[in-house]
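Asker: Contents of start_8.cif (mmCIF, C-alpha atoms and all ligand atoms) are given next:
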data_entry
loop_
_atom_site.label_atom_id
_atom_site.label_comp_id
_atom_site.auth_asym_id
_atom_site.auth_seq_id
_atom_site.Cartn_x
_atom_site.Cartn_y
_atom_site.Cartn_z
CA MET A 1 100.78 85.71 118.36
CA PHE A 2 102.74 88.90 117.69
CA ASP A 3 102.88 90.78 120.98
CA ARG A 4 103.49 94.47 120.20
CA SER A 5 103.89 95.41 123.85
CA LEU A 6 107.30 93.68 123.83
CA TRP A 7 108.70 95.92 121.11
CA ALA A 8 107.87 99.42 122.34
CA GLU A 9 110.55 102.10 122.36
CA ARG A 10 110.41 102.60 126.16
CA TYR A 11 109.46 100.74 129.35
CA THR A 12 109.09 101.28 133.05
CA THR A 13 110.28 97.71 133.74
CA VAL A 14 112.41 95.37 131.63
CA PRO A 15 109.98 93.27 129.51
CA SER A 16 110.02 89.47 129.23
CA TRP A 17 111.28 89.18 125.67
CA PRO A 18 111.20 85.75 123.99
CA CYS A 19 114.48 83.84 124.33
CA PRO A 20 116.62 84.33 121.19
CA ARG A 21 117.96 80.79 121.45
CA CYS A 22 115.06 78.47 122.23
CA ALA A 23 112.05 80.78 121.53
CA ILE A 24 110.19 78.74 124.20
CA GLY A 25 111.35 80.49 127.35
CA GLN A 26 111.33 84.17 128.16
CA LEU A 27 114.25 86.38 129.13
CA GLN A 28 113.97 87.32 132.78
CA LEU A 29 115.97 89.86 134.73
CA VAL A 30 118.74 88.25 136.79
CA GLU A 31 118.23 89.51 140.34
CA GLY A 32 120.77 92.10 141.37
CA SER A 33 122.22 92.51 137.86
CA LEU A 34 120.59 95.84 137.01
CA VAL A 35 123.15 98.68 137.14
CA ASN A 36 121.54 102.09 136.70
CA GLU A 37 123.80 105.11 137.22
CA GLU A 38 123.36 108.80 136.53
CA THR A 39 125.84 110.37 134.11
CA GLY A 40 128.33 112.96 135.41
CA TRP A 41 126.90 115.81 133.37
CA SER A 42 123.38 114.95 134.53
CA SER A 43 124.54 115.04 138.19
CA THR A 44 126.25 118.39 137.64
CA ALA A 45 123.07 119.85 136.16
CA HIS A 46 121.27 119.51 139.54
CA SER A 47 122.90 122.75 140.62
CA HIS A 48 121.32 124.69 137.73
CA GLU A 49 118.63 127.08 138.94
CA ALA A 50 116.09 125.80 136.42
CA TRP A 51 116.82 122.11 137.16
CA GLU A 52 113.85 119.72 137.25
CA PRO A 53 113.92 115.95 137.94
CA ASP A 54 113.03 115.25 134.31
CA TRP A 55 116.53 116.50 133.36
CA ILE A 56 118.01 113.33 134.89
CA GLU A 57 119.66 110.91 132.49
CA LYS A 58 121.20 107.57 133.44
CA ARG A 59 122.85 104.61 131.70
CA TYR A 60 121.80 101.09 132.56
CA SER A 61 122.84 97.51 131.91
CA ALA A 62 121.24 94.26 133.02
CA HIS A 63 121.70 90.53 132.65
CA LEU A 64 118.76 88.42 131.47
CA ARG A 65 118.34 84.65 131.74
CA CYS A 66 116.02 82.30 129.81
CA SER A 67 113.17 81.00 131.96
CA ASP A 68 113.56 77.54 130.38
CA ALA A 69 116.04 75.76 132.68
CA GLN A 70 117.09 73.36 129.91
CA CYS A 71 118.06 76.29 127.66
CA GLY A 72 119.88 78.55 130.11
CA GLU A 73 120.59 81.28 127.54
CA ARG A 74 121.97 84.53 128.95
CA ALA A 75 121.55 87.95 127.34
CA VAL A 76 122.57 91.48 128.22
CA VAL A 77 120.64 94.68 127.64
CA VAL A 78 122.08 98.19 127.73
CA GLY A 79 120.44 101.55 127.26
CA THR A 80 119.48 104.93 128.63
CA VAL A 81 117.14 105.86 131.47
CA LYS A 82 115.25 109.15 131.41
CA CYS A 83 112.90 110.46 134.04
CA ASP A 84 109.29 111.57 133.64
CA LEU A 85 107.27 113.47 136.19
CA ASP A 86 103.98 111.83 137.08
CA TYR A 87 101.53 114.27 138.68
CA GLY A 88 98.50 113.21 140.73
CA TYR A 89 96.42 114.13 143.79
CA ASP A 90 96.48 112.73 147.30
CA TYR A 91 93.42 112.17 149.55
CA ASP A 92 93.48 115.83 150.65
CA GLY A 93 93.42 117.06 147.08
CA GLN A 94 97.05 118.16 147.26
CA THR A 95 99.10 117.79 144.10
CA THR A 96 101.63 114.94 144.29
CA MET A 97 104.63 114.42 142.05
CA GLU A 98 106.48 111.18 141.45
CA VAL A 99 109.65 110.72 139.42
CA VAL A 100 109.23 107.72 137.09
CA GLU A 101 112.25 106.08 135.47
CA ILE A 102 111.76 105.22 131.80
CA PHE A 103 114.07 102.62 130.23
CA TYR A 104 115.11 103.00 126.58
CA PRO A 105 116.90 99.79 125.45
CA GLU A 106 119.53 100.47 122.79
CA PHE A 107 121.17 97.08 122.45
CA ILE A 108 120.32 93.51 123.42
CA HIS A 109 122.79 90.67 122.86
CA PRO A 110 121.85 88.16 121.61
CA SER A 111 118.85 89.95 120.21
CA PRO A 112 115.35 88.43 120.51
CA SER A 113 113.56 87.92 117.20
CA LEU A 114 110.37 89.94 116.76
CA ILE A 115 108.67 87.19 114.81
CA ALA A 116 108.36 83.42 115.03
CA LEU A 117 109.81 81.81 111.92
CA VAL A 118 108.85 78.40 110.57
CA GLU A 119 111.57 75.72 110.52
CA GLU A 120 111.72 75.80 106.72
CA THR A 121 112.83 79.48 106.66
CA PRO A 122 115.96 79.77 104.45
CA THR A 123 119.08 80.57 106.49
CA ASP A 124 119.90 83.85 104.73
CA VAL A 125 116.31 85.10 105.18
CA PHE A 126 116.53 84.17 108.88
CA GLU A 127 119.84 86.04 109.24
CA GLU A 128 118.48 89.27 107.71
CA ILE A 129 115.46 89.15 110.01
CA GLN A 130 117.78 88.70 112.99
CA ARG A 131 119.71 91.80 111.91
CA ALA A 132 116.44 93.73 111.44
CA SER A 133 115.35 92.62 114.93
CA SER A 134 118.58 93.79 116.57
CA LEU A 135 118.38 97.24 114.91
CA ILE A 136 114.84 98.10 116.00
CA TRP A 137 116.18 99.50 119.30
CA ILE A 138 118.67 101.93 117.82
CA ASP A 139 117.38 102.86 114.35
CA THR A 140 113.96 101.98 112.88
CA SER A 141 115.07 103.06 109.37
CA SER A 142 118.04 100.66 109.37
CA SER A 143 115.77 97.91 110.66
CA ALA A 144 113.28 98.54 107.80
CA ASN A 145 116.17 98.43 105.37
CA LYS A 146 117.21 94.99 106.64
CA LEU A 147 113.63 93.76 106.26
CA ARG A 148 113.79 94.95 102.66
CA LEU A 149 116.95 92.87 102.21
CA ALA A 150 115.09 89.92 103.74
CA ALA A 151 112.43 90.45 101.03
CA GLU A 152 115.18 90.20 98.38
CA ARG A 153 116.35 86.92 99.96
CA VAL A 154 112.78 85.57 99.96
CA LEU A 155 112.56 86.24 96.21
CA THR A 156 115.90 84.53 95.59
CA ALA A 157 114.70 81.49 97.55
CA LEU A 158 111.58 81.47 95.32
CA LYS A 159 113.94 81.34 92.29
CA VAL A 160 113.26 84.89 91.08
CA ASN A 161 116.11 86.24 88.92
CA ARG A 162 118.43 88.84 90.40
CA THR A 163 119.72 90.25 87.11
CA LYS A 164 118.65 90.71 83.49
CA ILE A 165 120.38 91.40 80.18
CA GLN A 166 119.69 94.90 78.87
CA LYS A 167 121.41 96.31 75.79
CA SER A 168 123.87 93.40 75.88
CA LYS A 169 124.78 94.21 79.47
CA ARG A 170 123.81 92.35 82.61
CA ARG A 171 122.28 94.62 85.22
CA PRO A 172 120.75 94.00 88.64
CA LEU A 173 116.96 93.96 88.85
CA MET A 174 115.29 96.42 91.20
CA LEU A 175 113.21 94.90 94.02
CA ASN A 176 110.08 96.27 92.36
CA GLU A 177 110.94 94.43 89.13
CA ARG A 178 111.76 91.22 90.96
CA ILE A 179 108.42 91.21 92.80
CA GLY A 180 106.75 91.71 89.38
CA LEU A 181 108.38 88.48 88.18
CA LEU A 182 106.58 86.36 90.78
CA GLY A 183 104.11 83.96 89.18
CA PRO A 184 100.32 84.25 89.72
CA GLN A 185 100.48 81.57 92.43
CA TYR A 186 102.45 84.08 94.50
CA ALA A 187 100.07 87.04 93.98
CA GLU A 188 99.42 87.38 97.73
CA ILE A 189 103.14 87.32 98.53
CA ALA A 190 103.81 89.96 95.84
CA ASP A 191 101.25 92.28 97.33
CA LEU A 192 102.68 91.90 100.84
CA LEU A 193 106.29 92.32 99.72
CA HIS A 194 105.47 95.62 98.01
CA SER A 195 104.52 97.11 101.40
CA ILE A 196 107.87 96.03 102.88
CA ARG A 197 109.60 97.48 99.81
CA PHE A 198 107.99 100.89 100.32
CA LEU A 199 108.98 101.00 103.97
CA GLY A 200 112.53 99.82 103.21
CA ASN A 201 112.84 102.45 100.48
CA HIS A 202 111.93 105.13 102.98
CA GLY A 203 114.48 103.68 105.40
CA SER A 204 117.22 103.65 102.73
CA HIS A 205 116.94 107.25 101.65
CA GLU A 206 118.39 110.11 103.60
CA SER A 207 115.37 111.37 105.45
CA ALA A 208 115.05 113.49 108.54
CA VAL A 209 112.05 111.40 109.56
CA SER A 210 112.70 107.86 110.79
CA VAL A 211 110.48 104.98 109.78
CA ASP A 212 107.41 104.94 112.03
CA ARG A 213 107.75 102.26 114.72
CA SER A 214 104.15 101.07 114.31
CA ASP A 215 104.65 100.72 110.53
CA LEU A 216 107.86 98.80 111.18
CA LEU A 217 106.11 96.40 113.58
CA ASN A 218 103.43 95.86 110.92
CA ALA A 219 106.19 95.09 108.39
CA PHE A 220 107.66 92.44 110.71
CA GLU A 221 104.22 90.87 111.05
CA ILE A 222 103.74 90.98 107.27
CA MET A 223 107.13 89.31 106.79
CA GLU A 224 106.16 86.58 109.27
CA HIS A 225 103.08 85.86 107.17
CA VAL A 226 105.02 85.97 103.87
CA ILE A 227 107.55 83.43 105.17
CA SER A 228 104.81 81.16 106.43
CA ILE A 229 102.95 81.01 103.11
CA ALA A 230 106.14 80.91 101.02
CA PHE A 231 108.07 78.21 102.88
CA SER A 232 105.91 76.41 105.45
CA THR A 233 105.19 72.85 104.36
CA LYS A 234 102.03 72.93 106.46
CA ALA A 235 100.77 76.12 104.78
CA LYS A 236 101.41 74.62 101.33
CA ARG A 237 99.60 71.39 102.28
CA VAL A 238 96.60 73.30 103.64
CA LYS A 239 96.43 75.44 100.50
CA ALA A 240 96.59 72.36 98.24
CA ALA A 241 93.90 70.58 100.29
CA ALA A 242 91.58 73.62 100.08
CA LYS A 243 92.12 73.89 96.32
CA ASP A 244 91.34 70.18 95.90
CA ILE A 245 88.06 70.39 97.86
CA LYS A 246 87.06 73.54 95.94
CA ARG A 247 87.77 71.81 92.64
CA ARG A 248 85.43 68.93 93.62
CA LYS A 249 82.88 71.39 95.00
CA GLY A 250 82.77 69.33 98.17
CA LYS A 251 81.90 66.02 96.52
CA PRO A 252 83.78 63.01 97.88
CA PRO A 253 86.95 62.10 95.99
CA VAL A 254 86.72 59.22 93.52
CA ARG A 255 88.79 56.35 94.87
CA ASN A 256 89.15 52.83 93.59
CA LYS A 257 87.59 50.22 95.83
CA LYS A 258 90.88 48.80 97.06
CA SER A 259 92.09 52.12 98.40
CA THR A 260 88.84 52.72 100.31
CA LEU A 261 88.94 49.38 102.15
ZN ZN B 301 115.86 79.82 125.95
#
The structure in this file should be written as structure tokens.
Ligand SMILES: [Zn+2]
Answerer:
Amino acid sequence: MFDRSLWAERYTTVPSWPCPRCAIGQLQLVEGSLVNEETGWSSTAHSHEAWEPDWIEKRYSAHLRCSDAQCGERAVVVGTVKCDLDYGYDYDGQTTMEVVEIFYPEFIHPSPSLIALVEETPTDVFEEIQRASSLIWIDTSSSANKLRLAAERVLTALKVNRTKIQKSKRRPLMLNERIGLLGPQYAEIADLLHSIRFLGNHGSHESAVSVDRSDLLNAFEIMEHVISIAFSTKAKRVKAAAKDIKRRKGKPPVRNKKSTL
């Protein structure tokens, strides 16, 4: 199950990301390892006449440990802390104000993968998805671009050509053209890969607007599904079994007597 709450841009507490090594355990904050210090310029700004607590900016780092004792993976997270003002009312109707620290992770090493990949995932596809996962914290457009590269690797693994001869010269095929070369048995995959292509295109071009985080999370989920139907032995077996039953319209298969004993 793809848990979107783990991949938000900001948090009030460090989330329990899946372990990047075993994918069974969860990364948990090592007690006492969180260092959260205000920057010098932020401290100096307190003396400004217009200063408010939401001007505060801090840097943080923390160590994380996998909850699975047999794995024991360690990871580090670094980022920025900003402060929000949370207004409310007390029992007497007086306005209350609380300063809430908001954590913005910018780097996690090793980086947790956003999606669960089947064992049969080709290594180079896996590596691009790892890169896309690590970039989601710092730049959604770069992350979308890496997912687009993962789509190219998926096509290569499905034996789709990377180049073609045109006017006696060999030239690289565009991703759009490569997706168009997928056979009819891959129609669903083609459709899904086009959406990742569009998002990756947006991420590649110089644009003042970054790729939308929600769109990017959808693209990761789409890629998870593409990889499952393209490479999972189980998914292929289930598809073949369904096709076989459909072909027989539910009638029992014809077997020779020996095989049914
Ligand atoms: Zn682990």
Asker: Please write out the residues within 6 Å of ligand ZN 301 (chain B) as a VMD selection string, counting only C-alpha atoms and all ligand atoms.
Answerer: chain A and resid 19 21 to 23 25 66 68 71 to 73
Asker: So that I can check the surroundings of Glu127 (chain A), please list as JSON, numbers by chain every protein, DNA and RNA residue that reaches within 10 Å of it, counting all atoms listed in the file and ignoring chain neighbours fewer than 4 positions away.
Answerer: {"A": [121, 122, 123, 131, 132, 133, 146, 150, 153]}
Asker: Find the residue from A:Glu38, A:Tyr11, A:Met223, A:Ala230 that sits nearest to Ala157 (chain A); use only C-alpha atoms when measuring.
Answerer: A:Ala230
Asker: Select, from A:Ile56, A:Ile229, A:Leu27, A:Val238, the residue with the minimum atom-to-atom distance to Gly40 (chain A), counting only C-alpha atoms.
Answerer: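 Among the listed residues, A:Ile56 lies closest to Gly40 (chain A).
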Asker: Name the residues in contact with Trp7 (chain A) at a cut-off of 12 Å, using all atoms listed in the file, excluding same-chain residues fewer than 5 positions from it; report them as a PyMOL selection string.
Answerer: chain A and resi 2+14-18+104-106+111-115+133-137+140+213-214+216-218+220
Asker: Using C-alpha atoms, can you export the residues from the last selection as a PDB file, in the coordinates of the input?
Answerer:
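Contents of the output file again27.pdb:
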ATOM      1  CA  PHE A   2     102.740  88.900 117.690  1.00  0.00           C
ATOM      2  CA  VAL A  14     112.410  95.370 131.630  1.00  0.00           C
ATOM      3  CA  PRO A  15     109.980  93.270 129.510  1.00  0.00           C
ATOM      4  CA  SER A  16     110.020  89.470 129.230  1.00  0.00           C
ATOM      5  CA  TRP A  17     111.280  89.180 125.670  1.00  0.00           C
ATOM      6  CA  PRO A  18     111.200  85.750 123.990  1.00  0.00           C
ATOM      7  CA  TYR A 104     115.110 103.000 126.580  1.00  0.00           C
ATOM      8  CA  PRO A 105     116.900  99.790 125.450  1.00  0.00           C
ATOM      9  CA  GLU A 106     119.530 100.470 122.790  1.00  0.00           C
ATOM     10  CA  SER A 111     118.850  89.950 120.210  1.00  0.00           C
ATOM     11  CA  PRO A 112     115.350  88.430 120.510  1.00  0.00           C
ATOM     12  CA  SER A 113     113.560  87.920 117.200  1.00  0.00           C
ATOM     13  CA  LEU A 114     110.370  89.940 116.760  1.00  0.00           C
ATOM     14  CA  ILE A 115     108.670  87.190 114.810  1.00  0.00           C
ATOM     15  CA  SER A 133     115.350  92.620 114.930  1.00  0.00           C
ATOM     16  CA  SER A 134     118.580  93.790 116.570  1.00  0.00           C
ATOM     17  CA  LEU A 135     118.380  97.240 114.910  1.00  0.00           C
ATOM     18  CA  ILE A 136     114.840  98.100 116.000  1.00  0.00           C
ATOM     19  CA  TRP A 137     116.180  99.500 119.300  1.00  0.00           C
ATOM     20  CA  THR A 140     113.960 101.980 112.880  1.00  0.00           C
ATOM     21  CA  ARG A 213     107.750 102.260 114.720  1.00  0.00           C
ATOM     22  CA  SER A 214     104.150 101.070 114.310  1.00  0.00           C
ATOM     23  CA  LEU A 216     107.860  98.800 111.180  1.00  0.00           C
ATOM     24  CA  LEU A 217     106.110  96.400 113.580  1.00  0.00           C
ATOM     25  CA  ASN A 218     103.430  95.860 110.920  1.00  0.00           C
ATOM     26  CA  PHE A 220     107.660  92.440 110.710  1.00  0.00           C
TER      27      PHE A 220
END
Asker: Find the residues around Asp191 (chain A) up to 10 Å (all atoms listed in the file counted), leave out those fewer than 4 positions away in its own chain, and share them as JSON, numbers by chain.
Answerer: {"A": [179, 180, 186, 187, 195, 196, 226]}
